[in-house]
$ cat model-v3.csv   # CSV, C-alpha atoms
chain,number,residue,atom,x,y,z
A,1,MET,CA,-16.8,12.4,-27.4
A,2,ASN,CA,-18.0,15.5,-25.5
A,3,LEU,CA,-19.1,14.6,-21.9
A,4,SER,CA,-19.8,18.2,-20.7
A,5,LEU,CA,-23.4,19.0,-19.9
A,6,SER,CA,-25.4,21.2,-22.3
A,7,ASP,CA,-27.3,24.2,-21.1
A,8,GLU,CA,-30.6,22.2,-21.4
A,9,GLN,CA,-29.1,19.4,-19.3
A,10,GLU,CA,-28.0,21.9,-16.7
A,11,LEU,CA,-31.5,23.3,-16.6
A,12,LEU,CA,-33.0,19.8,-16.3
A,13,ARG,CA,-30.7,19.0,-13.4
A,14,GLU,CA,-31.5,22.3,-11.6
A,15,ALA,CA,-35.2,21.8,-12.1
A,16,ALA,CA,-35.1,18.3,-10.7
A,17,ARG,CA,-33.2,19.4,-7.7
A,18,GLY,CA,-35.6,22.3,-7.1
A,19,ALA,CA,-38.7,20.0,-7.4
A,20,LEU,CA,-37.3,17.5,-5.0
A,21,SER,CA,-36.2,20.2,-2.5
A,22,ARG,CA,-39.9,20.9,-1.8
A,23,HIS,CA,-40.3,17.5,-0.2
A,24,GLU,CA,-38.8,16.2,3.0
A,25,THR,CA,-37.7,12.9,1.5
A,26,VAL,CA,-35.0,12.0,3.9
A,27,SER,CA,-37.2,12.6,6.9
A,28,ALA,CA,-39.9,10.6,5.2
A,29,ALA,CA,-37.5,7.7,4.7
A,30,ARG,CA,-36.9,7.6,8.5
A,31,ASP,CA,-40.6,7.8,9.3
A,32,ALA,CA,-41.3,5.0,6.9
A,33,LEU,CA,-39.1,2.7,8.9
A,34,GLU,CA,-41.5,3.4,11.8
A,35,GLY,CA,-44.4,2.3,9.7
A,36,ALA,CA,-45.5,5.7,8.3
A,37,ALA,CA,-46.7,6.0,4.7
A,38,LEU,CA,-44.3,7.5,2.2
A,39,PRO,CA,-45.4,10.7,0.5
A,40,ASP,CA,-46.6,10.1,-3.1
A,41,LEU,CA,-44.0,11.8,-5.3
A,42,TRP,CA,-45.6,10.6,-8.5
A,43,PRO,CA,-47.7,13.8,-9.0
A,44,MET,CA,-44.5,15.8,-8.7
A,45,ALA,CA,-42.8,13.6,-11.3
A,46,VAL,CA,-45.8,14.0,-13.6
A,47,GLU,CA,-45.7,17.7,-13.3
A,48,ALA,CA,-42.0,17.7,-14.1
A,49,GLY,CA,-42.6,15.5,-17.2
A,50,TRP,CA,-40.3,12.7,-16.0
A,51,PRO,CA,-42.5,9.7,-16.9
A,52,GLY,CA,-42.2,10.6,-20.6
A,53,LEU,CA,-38.5,11.5,-20.6
A,54,LEU,CA,-37.6,8.5,-22.9
A,55,VAL,CA,-40.8,8.5,-25.0
A,56,GLY,CA,-40.9,10.1,-28.5
A,57,GLU,CA,-42.6,13.4,-28.9
A,58,GLU,CA,-45.2,12.0,-31.3
A,59,ARG,CA,-46.4,9.8,-28.4
A,60,GLY,CA,-46.5,12.6,-25.9
A,61,GLY,CA,-43.0,12.2,-24.5
A,62,ALA,CA,-40.0,14.5,-24.2
A,63,ALA,CA,-37.9,12.4,-26.6
A,64,LEU,CA,-34.8,12.9,-24.4
A,65,ALA,CA,-31.8,10.6,-24.2
A,66,PRO,CA,-30.8,8.2,-21.5
A,67,PHE,CA,-28.2,10.7,-20.3
A,68,ASP,CA,-30.9,13.1,-19.4
A,69,ALA,CA,-32.8,10.5,-17.5
A,70,MET,CA,-29.6,9.7,-15.6
A,71,LEU,CA,-29.3,13.3,-14.5
A,72,VAL,CA,-32.8,13.2,-12.9
A,73,MET,CA,-31.9,9.9,-11.2
A,74,VAL,CA,-28.7,11.5,-9.7
A,75,GLU,CA,-30.9,14.1,-8.1
A,76,CYS,CA,-33.3,11.5,-6.8
A,77,GLY,CA,-30.4,9.6,-5.3
A,78,ARG,CA,-29.1,12.7,-3.5
A,79,VAL,CA,-32.2,12.9,-1.3
A,80,LEU,CA,-33.3,9.3,-1.2
A,81,ALA,CA,-36.5,10.2,-3.1
A,82,GLY,CA,-38.8,7.2,-3.6
A,83,VAL,CA,-39.9,8.2,-7.1
A,84,PRO,CA,-40.7,5.0,-9.0
A,85,LEU,CA,-38.6,5.9,-12.1
A,86,LEU,CA,-36.2,3.0,-12.0
A,87,GLY,CA,-38.9,0.6,-13.0
A,88,HIS,CA,-41.0,3.1,-15.1
A,89,LEU,CA,-38.4,4.6,-17.5
A,90,PRO,CA,-37.0,1.4,-19.0
A,91,ALA,CA,-40.6,0.1,-19.3
A,92,ALA,CA,-41.7,3.3,-21.1
A,93,TRP,CA,-38.7,3.1,-23.4
A,94,LEU,CA,-39.6,-0.4,-24.5
A,95,LEU,CA,-43.3,0.4,-24.9
A,96,ASP,CA,-42.3,3.4,-27.1
A,97,ARG,CA,-40.0,1.2,-29.1
A,98,GLY,CA,-42.7,-1.4,-29.6
A,99,GLY,CA,-45.4,1.1,-30.6
A,100,TRP,CA,-47.7,0.0,-27.8
A,101,ASP,CA,-51.2,1.6,-28.1
A,102,GLY,CA,-51.3,2.9,-24.6
A,103,VAL,CA,-47.9,4.5,-24.4
A,104,GLU,CA,-49.3,8.0,-24.4
A,105,ALA,CA,-50.9,7.4,-21.0
A,106,VAL,CA,-47.6,6.0,-19.7
A,107,ALA,CA,-45.7,9.0,-21.1
A,108,SER,CA,-48.1,11.5,-19.4
A,109,GLY,CA,-47.9,9.6,-16.1
A,110,GLU,CA,-51.6,8.8,-16.2
A,111,ARG,CA,-50.6,5.2,-16.0
A,112,ARG,CA,-47.4,4.0,-14.3
A,113,ALA,CA,-45.3,1.2,-15.8
A,114,ALA,CA,-42.6,-1.1,-14.4
A,115,ILE,CA,-40.3,-3.5,-16.1
A,116,VAL,CA,-39.6,-7.1,-15.1
A,117,PRO,CA,-36.1,-7.1,-16.4
A,118,ALA,CA,-34.1,-10.1,-17.6
A,119,GLN,CA,-30.3,-10.2,-17.6
A,120,PRO,CA,-29.1,-11.0,-21.2
A,121,PRO,CA,-27.0,-14.1,-21.8
A,122,GLY,CA,-23.3,-13.9,-20.8
A,123,ASP,CA,-20.3,-16.1,-20.2
A,124,LEU,CA,-21.7,-17.2,-16.8
A,125,ASP,CA,-25.4,-17.6,-17.6
A,126,PRO,CA,-26.0,-18.7,-21.2
A,127,GLY,CA,-29.7,-17.8,-21.1
A,128,TRP,CA,-32.0,-14.9,-20.1
A,129,THR,CA,-32.4,-14.9,-16.3
A,130,TRP,CA,-34.3,-13.2,-13.5
A,131,ASP,CA,-33.2,-12.4,-10.0
A,132,PRO,CA,-33.8,-15.3,-7.6
A,133,GLU,CA,-36.0,-15.1,-4.5
A,134,ARG,CA,-33.1,-16.4,-2.4
A,135,GLY,CA,-29.4,-17.1,-2.9
A,136,LYS,CA,-27.1,-16.0,-5.8
A,137,ALA,CA,-28.0,-18.6,-8.5
A,138,ARG,CA,-30.1,-16.8,-11.1
A,139,VAL,CA,-33.3,-18.4,-12.4
A,140,PRO,CA,-34.4,-18.8,-16.0
A,141,ALA,CA,-36.6,-15.9,-17.2
A,142,GLY,CA,-40.2,-16.7,-18.2
A,143,GLY,CA,-41.5,-18.4,-15.1
A,144,GLU,CA,-44.7,-17.8,-13.3
A,145,THR,CA,-43.2,-15.6,-10.5
A,146,ALA,CA,-40.6,-12.8,-10.8
A,147,HIS,CA,-39.0,-11.7,-7.5
A,148,TRP,CA,-37.8,-8.3,-6.2
A,149,VAL,CA,-39.3,-6.4,-9.2
A,150,VAL,CA,-38.5,-2.7,-8.6
A,151,ASP,CA,-41.5,-0.3,-8.5
A,152,ALA,CA,-43.9,-3.2,-9.3
A,153,PRO,CA,-46.3,-2.2,-6.4
A,154,GLY,CA,-48.8,0.3,-7.7
A,155,ALA,CA,-47.8,-0.1,-11.4
A,156,ASP,CA,-50.7,-0.3,-13.9
A,157,VAL,CA,-48.6,-1.9,-16.6
A,158,LEU,CA,-45.8,-4.5,-16.4
A,159,VAL,CA,-43.3,-4.9,-19.3
A,160,VAL,CA,-42.0,-8.5,-18.8
A,161,VAL,CA,-38.8,-9.7,-20.4
A,162,GLY,CA,-39.0,-13.4,-20.6
A,163,ALA,CA,-37.2,-16.3,-22.2
A,164,ASP,CA,-35.1,-15.6,-25.3
A,165,GLY,CA,-35.6,-11.9,-24.7
A,166,ALA,CA,-39.2,-12.0,-25.7
A,167,VAL,CA,-41.1,-9.0,-24.3
A,168,SER,CA,-44.8,-8.9,-23.3
A,169,VAL,CA,-47.2,-6.4,-21.8
A,170,VAL,CA,-49.1,-7.6,-18.8
A,171,GLU,CA,-51.9,-5.8,-17.1
A,172,GLY,CA,-53.6,-6.9,-13.9
A,173,ALA,CA,-50.8,-9.1,-12.6
A,174,THR,CA,-50.8,-10.0,-8.9
A,175,VAL,CA,-48.1,-8.1,-7.0
A,176,GLN,CA,-47.0,-8.8,-3.4
A,177,ALA,CA,-45.4,-5.7,-2.0
A,178,VAL,CA,-42.3,-6.4,0.1
A,179,THR,CA,-39.9,-4.1,2.0
A,180,ARG,CA,-36.2,-4.9,2.6
A,181,TYR,CA,-33.6,-2.6,4.1
A,182,ASP,CA,-34.7,0.6,2.4
A,183,ALA,CA,-38.3,1.6,3.0
A,184,THR,CA,-38.2,4.1,0.2
A,185,ARG,CA,-37.8,1.5,-2.5
A,186,GLY,CA,-40.9,-0.2,-3.8
A,187,LEU,CA,-40.4,-3.9,-4.4
A,188,GLY,CA,-42.7,-6.7,-5.4
A,189,HIS,CA,-43.0,-10.4,-6.1
A,190,VAL,CA,-45.0,-10.6,-9.3
A,191,THR,CA,-47.2,-13.5,-10.2
A,192,LEU,CA,-47.9,-13.6,-13.9
A,193,ASP,CA,-51.5,-14.8,-14.2
A,194,GLY,CA,-51.5,-14.7,-18.0
A,195,ALA,CA,-49.2,-14.7,-21.0
A,196,GLY,CA,-49.7,-11.0,-21.7
A,197,THR,CA,-49.6,-9.3,-25.1
A,198,PRO,CA,-46.4,-9.6,-27.1
A,199,LEU,CA,-44.5,-6.4,-27.7
A,200,ASP,CA,-42.9,-5.9,-31.1
A,201,VAL,CA,-39.4,-5.3,-30.0
A,202,SER,CA,-36.2,-7.3,-30.6
A,203,ALA,CA,-34.1,-9.2,-28.1
A,204,GLN,CA,-31.5,-6.4,-28.6
A,205,ASP,CA,-34.0,-3.9,-27.4
A,206,ALA,CA,-34.7,-6.1,-24.3
A,207,ALA,CA,-31.0,-6.2,-23.6
A,208,SER,CA,-30.7,-2.4,-24.0
A,209,ALA,CA,-33.5,-2.0,-21.4
A,210,TRP,CA,-31.5,-4.1,-18.9
A,211,TYR,CA,-28.4,-1.9,-19.4
A,212,LEU,CA,-30.5,1.2,-19.2
A,213,ALA,CA,-31.8,0.0,-15.8
A,214,GLN,CA,-28.2,-0.6,-14.8
A,215,ALA,CA,-27.2,2.9,-15.7
A,216,LEU,CA,-30.1,4.5,-14.0
A,217,LEU,CA,-29.3,2.6,-10.8
A,218,ALA,CA,-25.7,3.7,-11.1
A,219,ALA,CA,-26.9,7.3,-11.5
A,220,GLU,CA,-29.0,7.1,-8.4
A,221,SER,CA,-26.0,5.7,-6.5
A,222,VAL,CA,-23.8,8.6,-7.7
A,223,GLY,CA,-26.3,11.1,-6.3
A,224,ALA,CA,-26.3,9.3,-2.9
A,225,VAL,CA,-22.5,9.3,-2.8
A,226,GLU,CA,-22.4,13.0,-3.4
A,227,THR,CA,-24.6,13.6,-0.4
A,228,CYS,CA,-22.6,11.2,1.8
A,229,LEU,CA,-19.4,13.0,0.9
A,230,GLU,CA,-21.0,16.4,1.6
A,231,MET,CA,-22.3,15.3,5.0
A,232,ALA,CA,-19.0,13.8,6.0
A,233,VAL,CA,-16.9,16.8,4.9
A,234,GLN,CA,-19.2,19.2,6.7
A,235,TYR,CA,-19.1,17.3,9.9
A,236,ALA,CA,-15.3,16.9,9.7
A,237,LYS,CA,-15.1,20.7,9.6
A,238,GLU,CA,-17.4,21.2,12.6
A,239,ARG,CA,-16.4,18.4,15.0
A,240,PHE,CA,-13.4,19.2,17.2
A,241,THR,CA,-11.4,16.9,19.3
A,242,PHE,CA,-8.2,17.7,21.2
A,243,GLY,CA,-8.6,21.3,20.1
A,244,ARG,CA,-8.6,20.4,16.3
A,245,ALA,CA,-11.2,19.8,13.7
A,246,ILE,CA,-11.3,16.1,13.0
A,247,GLY,CA,-10.9,16.9,9.3
A,248,SER,CA,-7.3,17.9,10.0
A,249,TYR,CA,-6.4,14.4,11.0
A,250,GLN,CA,-4.7,12.4,8.3
A,251,ALA,CA,-6.8,9.3,8.9
A,252,VAL,CA,-10.0,11.2,8.3
A,253,LYS,CA,-8.6,13.1,5.3
A,254,HIS,CA,-7.6,9.9,3.6
A,255,GLN,CA,-11.0,8.4,4.0
A,256,LEU,CA,-12.7,11.5,2.6
A,257,VAL,CA,-10.3,11.7,-0.3
A,258,GLU,CA,-11.0,8.0,-1.1
A,259,VAL,CA,-14.7,8.7,-1.3
A,260,LEU,CA,-14.0,11.6,-3.6
A,261,ARG,CA,-11.9,9.4,-5.8
A,262,LEU,CA,-14.6,6.8,-6.0
A,263,LEU,CA,-17.2,9.5,-6.8
A,264,GLU,CA,-15.2,11.0,-9.6
A,265,ASN,CA,-14.5,7.6,-11.1
A,266,SER,CA,-18.2,6.7,-10.9
A,267,ARG,CA,-19.3,10.0,-12.4
A,268,SER,CA,-16.9,9.6,-15.3
A,269,LEU,CA,-18.2,6.1,-16.1
A,270,LEU,CA,-21.8,7.2,-15.7
A,271,TYR,CA,-21.2,9.9,-18.3
A,272,TYR,CA,-19.6,7.3,-20.5
A,273,ALA,CA,-22.7,5.2,-20.1
A,274,GLY,CA,-24.9,8.2,-21.0
A,275,TRP,CA,-23.0,8.8,-24.1
A,276,ALA,CA,-23.1,5.1,-25.1
A,277,GLY,CA,-26.9,5.0,-24.6
A,278,GLU,CA,-27.4,7.7,-27.2
A,279,SER,CA,-24.4,7.5,-29.5
A,280,GLY,CA,-22.6,4.2,-29.0
A,281,PRO,CA,-25.1,1.4,-28.4
A,282,ASP,CA,-22.4,-1.3,-29.1
A,283,GLU,CA,-20.5,0.0,-26.1
A,284,LEU,CA,-23.6,0.2,-23.8
A,285,PRO,CA,-23.2,-3.2,-22.2
A,286,LEU,CA,-19.7,-2.5,-21.1
A,287,ALA,CA,-20.3,1.2,-20.2
A,288,ALA,CA,-23.5,0.6,-18.2
A,289,SER,CA,-22.1,-2.4,-16.4
A,290,ALA,CA,-18.9,-0.6,-15.5
A,291,ALA,CA,-20.9,2.4,-14.2
A,292,ARG,CA,-23.1,0.1,-12.1
A,293,SER,CA,-20.2,-1.8,-10.7
A,294,VAL,CA,-18.1,1.2,-9.7
A,295,ALA,CA,-21.0,3.3,-8.5
A,296,GLY,CA,-22.3,0.5,-6.4
A,297,ARG,CA,-19.0,-0.1,-4.7
A,298,ALA,CA,-18.6,3.7,-4.2
A,299,LEU,CA,-21.9,3.9,-2.5
A,300,ASP,CA,-21.1,1.0,-0.2
A,301,ALA,CA,-17.8,2.6,0.8
A,302,ALA,CA,-19.2,6.2,1.1
A,303,THR,CA,-22.0,5.2,3.4
A,304,ARG,CA,-19.6,3.3,5.7
A,305,ILE,CA,-17.1,6.1,5.8
A,306,ASN,CA,-19.8,8.6,6.4
A,307,ILE,CA,-20.9,6.7,9.5
A,308,SER,CA,-17.3,6.3,10.6
A,309,VAL,CA,-16.5,10.0,10.3
A,310,HIS,CA,-19.6,10.9,12.3
A,311,GLY,CA,-18.5,8.5,15.0
A,312,GLY,CA,-21.1,7.2,17.5
A,313,ILE,CA,-23.9,9.5,16.5
A,314,GLY,CA,-23.5,8.4,12.8
A,315,ALA,CA,-24.8,4.9,13.8
A,316,THR,CA,-27.9,6.1,15.7
A,317,TRP,CA,-31.4,5.8,14.6
A,318,GLU,CA,-31.9,9.5,14.6
A,319,HIS,CA,-29.1,10.3,12.2
A,320,ASP,CA,-29.4,10.4,8.4
A,321,ALA,CA,-26.3,8.4,7.7
A,322,PRO,CA,-27.8,4.9,8.3
A,323,LEU,CA,-30.6,5.7,5.8
A,324,PHE,CA,-28.0,6.0,3.0
A,325,PHE,CA,-26.4,2.8,4.3
A,326,ARG,CA,-29.7,1.1,3.9
A,327,ARG,CA,-30.1,2.4,0.4
A,328,ALA,CA,-26.6,1.1,-0.5
A,329,GLN,CA,-27.2,-2.4,0.9
A,330,LEU,CA,-30.4,-2.8,-1.0
A,331,SER,CA,-29.2,-1.2,-4.3
A,332,ARG,CA,-26.2,-3.5,-4.5
A,333,ARG,CA,-28.5,-6.5,-4.5
A,334,LEU,CA,-31.1,-5.4,-7.1
A,335,VAL,CA,-31.2,-5.9,-10.9
A,336,GLY,CA,-28.5,-8.5,-11.1
A,337,GLY,CA,-26.5,-6.9,-8.3
A,338,THR,CA,-23.2,-5.0,-8.2
A,339,GLY,CA,-21.3,-8.3,-8.4
A,340,GLY,CA,-23.2,-9.3,-11.6
A,341,ALA,CA,-22.3,-6.0,-13.2
A,342,THR,CA,-18.7,-6.6,-12.4
A,343,ASP,CA,-18.8,-10.1,-13.9
A,344,ARG,CA,-20.3,-8.6,-17.0
A,345,VAL,CA,-17.5,-6.1,-17.3
A,346,ALA,CA,-15.0,-8.9,-17.0
A,347,GLY,CA,-16.8,-10.9,-19.6
A,348,GLU,CA,-17.0,-8.0,-22.1
A,349,LEU,CA,-13.3,-7.2,-21.7
A,350,LEU,CA,-12.2,-10.8,-22.0
A,351,ALA,CA,-14.4,-11.3,-25.1
A,352,ALA,CA,-12.9,-8.2,-26.7
A,353,ALA,CA,-9.4,-9.4,-25.9

$ encode --input "model-v3.csv" --output "structure tokens"
Amino acid sequence: MNLSLSDEQELLREAARGALSRHETVSAARDALEGAALPDLWPMAVEAGWPGLLVGEERGGAALAPFDAMLVMVECGRVLAGVPLLGHLPAAWLLDRGGWDGVEAVASGERRAAIVPAQPPGDLDPGWTWDPERGKARVPAGGETAHWVVDAPGADVLVVVGADGAVSVVEGATVQAVTRYDATRGLGHVTLDGAGTPLDVSAQDAASAWYLAQALLAAESVGAVETCLEMAVQYAKERFTFGRAIGSYQAVKHQLVEVLRLLENSRSLLYYAGWAGESGPDELPLAASAARSVAGRALDAATRINISVHGGIGATWEHDAPLFFRRAQLSRRLVGGTGGATDRVAGELLAAA
């Protein structure tokens, strides 16, 4: 198992960082909380070829691996970019697997897709389930309304994973856009007006799409942790009190080292999930769930410590630190939640034992 990045992956990461650097995404996140419209980053994603990352070349895609998509998501997470890839990429992957007729338009970005994911059966929930509107108890997949669907607003095609892992393609569903915590994250309550067109994929494919979404969300979290650590370290070097940089105090150093530890652990598990997505599909449920669990907890800790290191100014409306905290609080609740991923890790390990 070689987890080092290839030259092509390094170029992909650098290109993604360069493309995103041309947009003031963090400032836009703050303005969005005041009611301003977010900049449309989809044309940038289309120009970069991101919509077709996981679609085969014969259907107009780049035929890259999940690991490559994760590298792009890391860069999006670093700058709180509201690029609707978390919903689009797993949906495009399933459409490609099922040989859907319109997948070329999805791969090119002409049409945007979003997945209504369903959590595969586990030791706690024996059936396929969706996120609930309220509370923690999950609801059976396949109902009339799916809640908190990531990137559903503005999507042209919905890939719906329902009961027993059956997948269908729905066009023209009713989507109620909602905003919670993080204004850069597109969310929607989806009302399924019709049954949709069945997609010829297996329940195993539907499960893999769930774990792909877990890994992509973990990747985005890793990128946000990187930025939080950089912000906190820089401020700890610049801010002086009692004649010393606050970074020289043991209490501050210990907090920053803890964020670094969590970051490195998260990155290692993310790379493991990337490898499993391409070369070890049997290990993907454990690898993706572990990456999601650890990265989610790392982001929660990193955003809190970043605010703490900055002191009073770190909690103000004008500072960037609370924007990352908002991202952390929403991310840990989506797509089964960080707690759900942790439960899945426990279930997989106990089953193996």

$ closest_residue --input "model-v3.csv" --among "A:Pro39, A:Gly337, A:Gly311, A:Gly142" --to "A:Arg297" --atoms "all atoms listed in the file"
A:Gly337

$ closest_atom_pairs --input "model-v3.csv" --of "stretch 215-308 of chain A" --to "stretch 58-77 of chain A" --cutoff "10 Å" --atoms "all atoms listed in the file" --output "Markdown table"
| residue | atom | partner | partner_atom | distance |
| --- | --- | --- | --- | --- |
| A:Ala215 | CA | A:Met70 | CA | 7.2 |
| A:Leu216 | CA | A:Met70 | CA | 5.5 |
| A:Leu217 | CA | A:Met73 | CA | 7.8 |
| A:Ala218 | CA | A:Met70 | CA | 8.5 |
| A:Ala219 | CA | A:Val74 | CA | 4.9 |
| A:Glu220 | CA | A:Gly77 | CA | 4.2 |
| A:Ser221 | CA | A:Gly77 | CA | 6.0 |
| A:Val222 | CA | A:Val74 | CA | 6.0 |
| A:Gly223 | CA | A:Val74 | CA | 4.2 |
| A:Ala224 | CA | A:Gly77 | CA | 4.8 |
| A:Val225 | CA | A:Gly77 | CA | 8.3 |
| A:Glu226 | CA | A:Gly77 | CA | 8.9 |
| A:Thr227 | CA | A:Gly77 | CA | 8.6 |
| A:Arg267 | CA | A:Val74 | CA | 9.9 |
| A:Leu270 | CA | A:Met70 | CA | 8.2 |
| A:Tyr271 | CA | A:Phe67 | CA | 7.3 |
| A:Tyr272 | CA | A:Phe67 | CA | 9.2 |
| A:Ala273 | CA | A:Phe67 | CA | 7.8 |
| A:Gly274 | CA | A:Phe67 | CA | 4.2 |
| A:Trp275 | CA | A:Phe67 | CA | 6.7 |
| A:Ala276 | CA | A:Phe67 | CA | 9.0 |
| A:Gly277 | CA | A:Pro66 | CA | 5.9 |
| A:Glu278 | CA | A:Ala65 | CA | 6.1 |
| A:Ser279 | CA | A:Ala65 | CA | 9.6 |

$ write_last_selection --input "model-v3.csv" --atoms "C-alpha atoms" --output "PDB file, in the frame of the given file"
ATOM      1  CA  ALA A 215     -27.200   2.900 -15.700  1.00  0.00           C
ATOM      2  CA  LEU A 216     -30.100   4.500 -14.000  1.00  0.00           C
ATOM      3  CA  LEU A 217     -29.300   2.600 -10.800  1.00  0.00           C
ATOM      4  CA  ALA A 218     -25.700   3.700 -11.100  1.00  0.00           C
ATOM      5  CA  ALA A 219     -26.900   7.300 -11.500  1.00  0.00           C
ATOM      6  CA  GLU A 220     -29.000   7.100  -8.400  1.00  0.00           C
ATOM      7  CA  SER A 221     -26.000   5.700  -6.500  1.00  0.00           C
ATOM      8  CA  VAL A 222     -23.800   8.600  -7.700  1.00  0.00           C
ATOM      9  CA  GLY A 223     -26.300  11.100  -6.300  1.00  0.00           C
ATOM     10  CA  ALA A 224     -26.300   9.300  -2.900  1.00  0.00           C
ATOM     11  CA  VAL A 225     -22.500   9.300  -2.800  1.00  0.00           C
ATOM     12  CA  GLU A 226     -22.400  13.000  -3.400  1.00  0.00           C
ATOM     13  CA  THR A 227     -24.600  13.600  -0.400  1.00  0.00           C
ATOM     14  CA  ARG A 267     -19.300  10.000 -12.400  1.00  0.00           C
ATOM     15  CA  LEU A 270     -21.800   7.200 -15.700  1.00  0.00           C
ATOM     16  CA  TYR A 271     -21.200   9.900 -18.300  1.00  0.00           C
ATOM     17  CA  TYR A 272     -19.600   7.300 -20.500  1.00  0.00           C
ATOM     18  CA  ALA A 273     -22.700   5.200 -20.100  1.00  0.00           C
ATOM     19  CA  GLY A 274     -24.900   8.200 -21.000  1.00  0.00           C
ATOM     20  CA  TRP A 275     -23.000   8.800 -24.100  1.00  0.00           C
ATOM     21  CA  ALA A 276     -23.100   5.100 -25.100  1.00  0.00           C
ATOM     22  CA  GLY A 277     -26.900   5.000 -24.600  1.00  0.00           C
ATOM     23  CA  GLU A 278     -27.400   7.700 -27.200  1.00  0.00           C
ATOM     24  CA  SER A 279     -24.400   7.500 -29.500  1.00  0.00           C
TER      25      SER A 279
END

$ closest_residue --input "model-v3.csv" --among "A:Glu14, A:Glu230, A:Glu318, A:Glu144" --to "A:Leu192" --atoms "all atoms listed in the file"
A:Glu144

$ closest_residue --input "model-v3.csv" --among "A:Ala287, A:His189, A:Asp182, A:Ile307" --to "A:Pro132" --atoms "only C-alpha atoms"
A:His189

$ closest_residue --input "model-v3.csv" --among "A:Glu133, A:Glu348, A:Glu47, A:Glu57" --to "A:Ser289" --atoms "all atoms listed in the file"
A:Glu348

$ residues_around --input "model-v3.csv" --residues "A:Thr338" --least-positions-apart "4" --cutoff "7 Å" --atoms "only C-alpha atoms" --output "PyMOL selection string"
chain A and resi 292-293+296+332-333+342

$ write_last_selection --input "model-v3.csv" --atoms "C-alpha atoms" --output "PDB file, in the frame of the given file"
ATOM      1  CA  ARG A 292     -23.100   0.100 -12.100  1.00  0.00           C
ATOM      2  CA  SER A 293     -20.200  -1.800 -10.700  1.00  0.00           C
ATOM      3  CA  GLY A 296     -22.300   0.500  -6.400  1.00  0.00           C
ATOM      4  CA  ARG A 332     -26.200  -3.500  -4.500  1.00  0.00           C
ATOM      5  CA  ARG A 333     -28.500  -6.500  -4.500  1.00  0.00           C
ATOM      6  CA  THR A 342     -18.700  -6.600 -12.400  1.00  0.00           C
TER       7      THR A 342
END

$ closest_residue --input "model-v3.csv" --among "A:Gly18, A:Gly87, A:Pro121, A:Gly49" --to "A:Leu158" --atoms "all atoms listed in the file"
A:Gly87

$ atom_distance --input "model-v3.csv" --atom1 "atom CA of A:Asp131" --atom2 "atom CA of A:Gly336"
6.2 Å

$ closest_residue --input "model-v3.csv" --among "A:Gly165, A:Gly102, A:Gly109, A:Gly172" --to "A:Trp128" --atoms "only C-alpha atoms"
A:Gly165

$ closest_atom_pairs --input "model-v3.csv" --of "stretch 146-187 of chain A" --to "stretch 25-38 of chain A" --cutoff "10 Å" --atoms "all atoms listed in the file" --output "JSON lines"
{"residue": "A:Thr179", "atom": "CA", "partner": "A:Leu33", "partner_atom": "CA", "distance": 9.7}
{"residue": "A:Tyr181", "atom": "CA", "partner": "A:Leu33", "partner_atom": "CA", "distance": 9.0}
{"residue": "A:Asp182", "atom": "CA", "partner": "A:Ala29", "partner_atom": "CA", "distance": 8.0}
{"residue": "A:Ala183", "atom": "CA", "partner": "A:Ala32", "partner_atom": "CA", "distance": 6.0}
{"residue": "A:Thr184", "atom": "CA", "partner": "A:Ala29", "partner_atom": "CA", "distance": 5.8}
{"residue": "A:Arg185", "atom": "CA", "partner": "A:Ala29", "partner_atom": "CA", "distance": 9.5}

$ residues_around --input "model-v3.csv" --residues "A:Gly188" --least-positions-apart "4" --cutoff "10 Å" --atoms "only C-alpha atoms" --output "list of chain:residue names"
A:Ala146, A:His147, A:Trp148, A:Val149, A:Val150, A:Asp151, A:Ala152, A:Pro153, A:Gly154, A:Thr174, A:Val175, A:Gln176, A:Ala177, A:Val178, A:Thr179
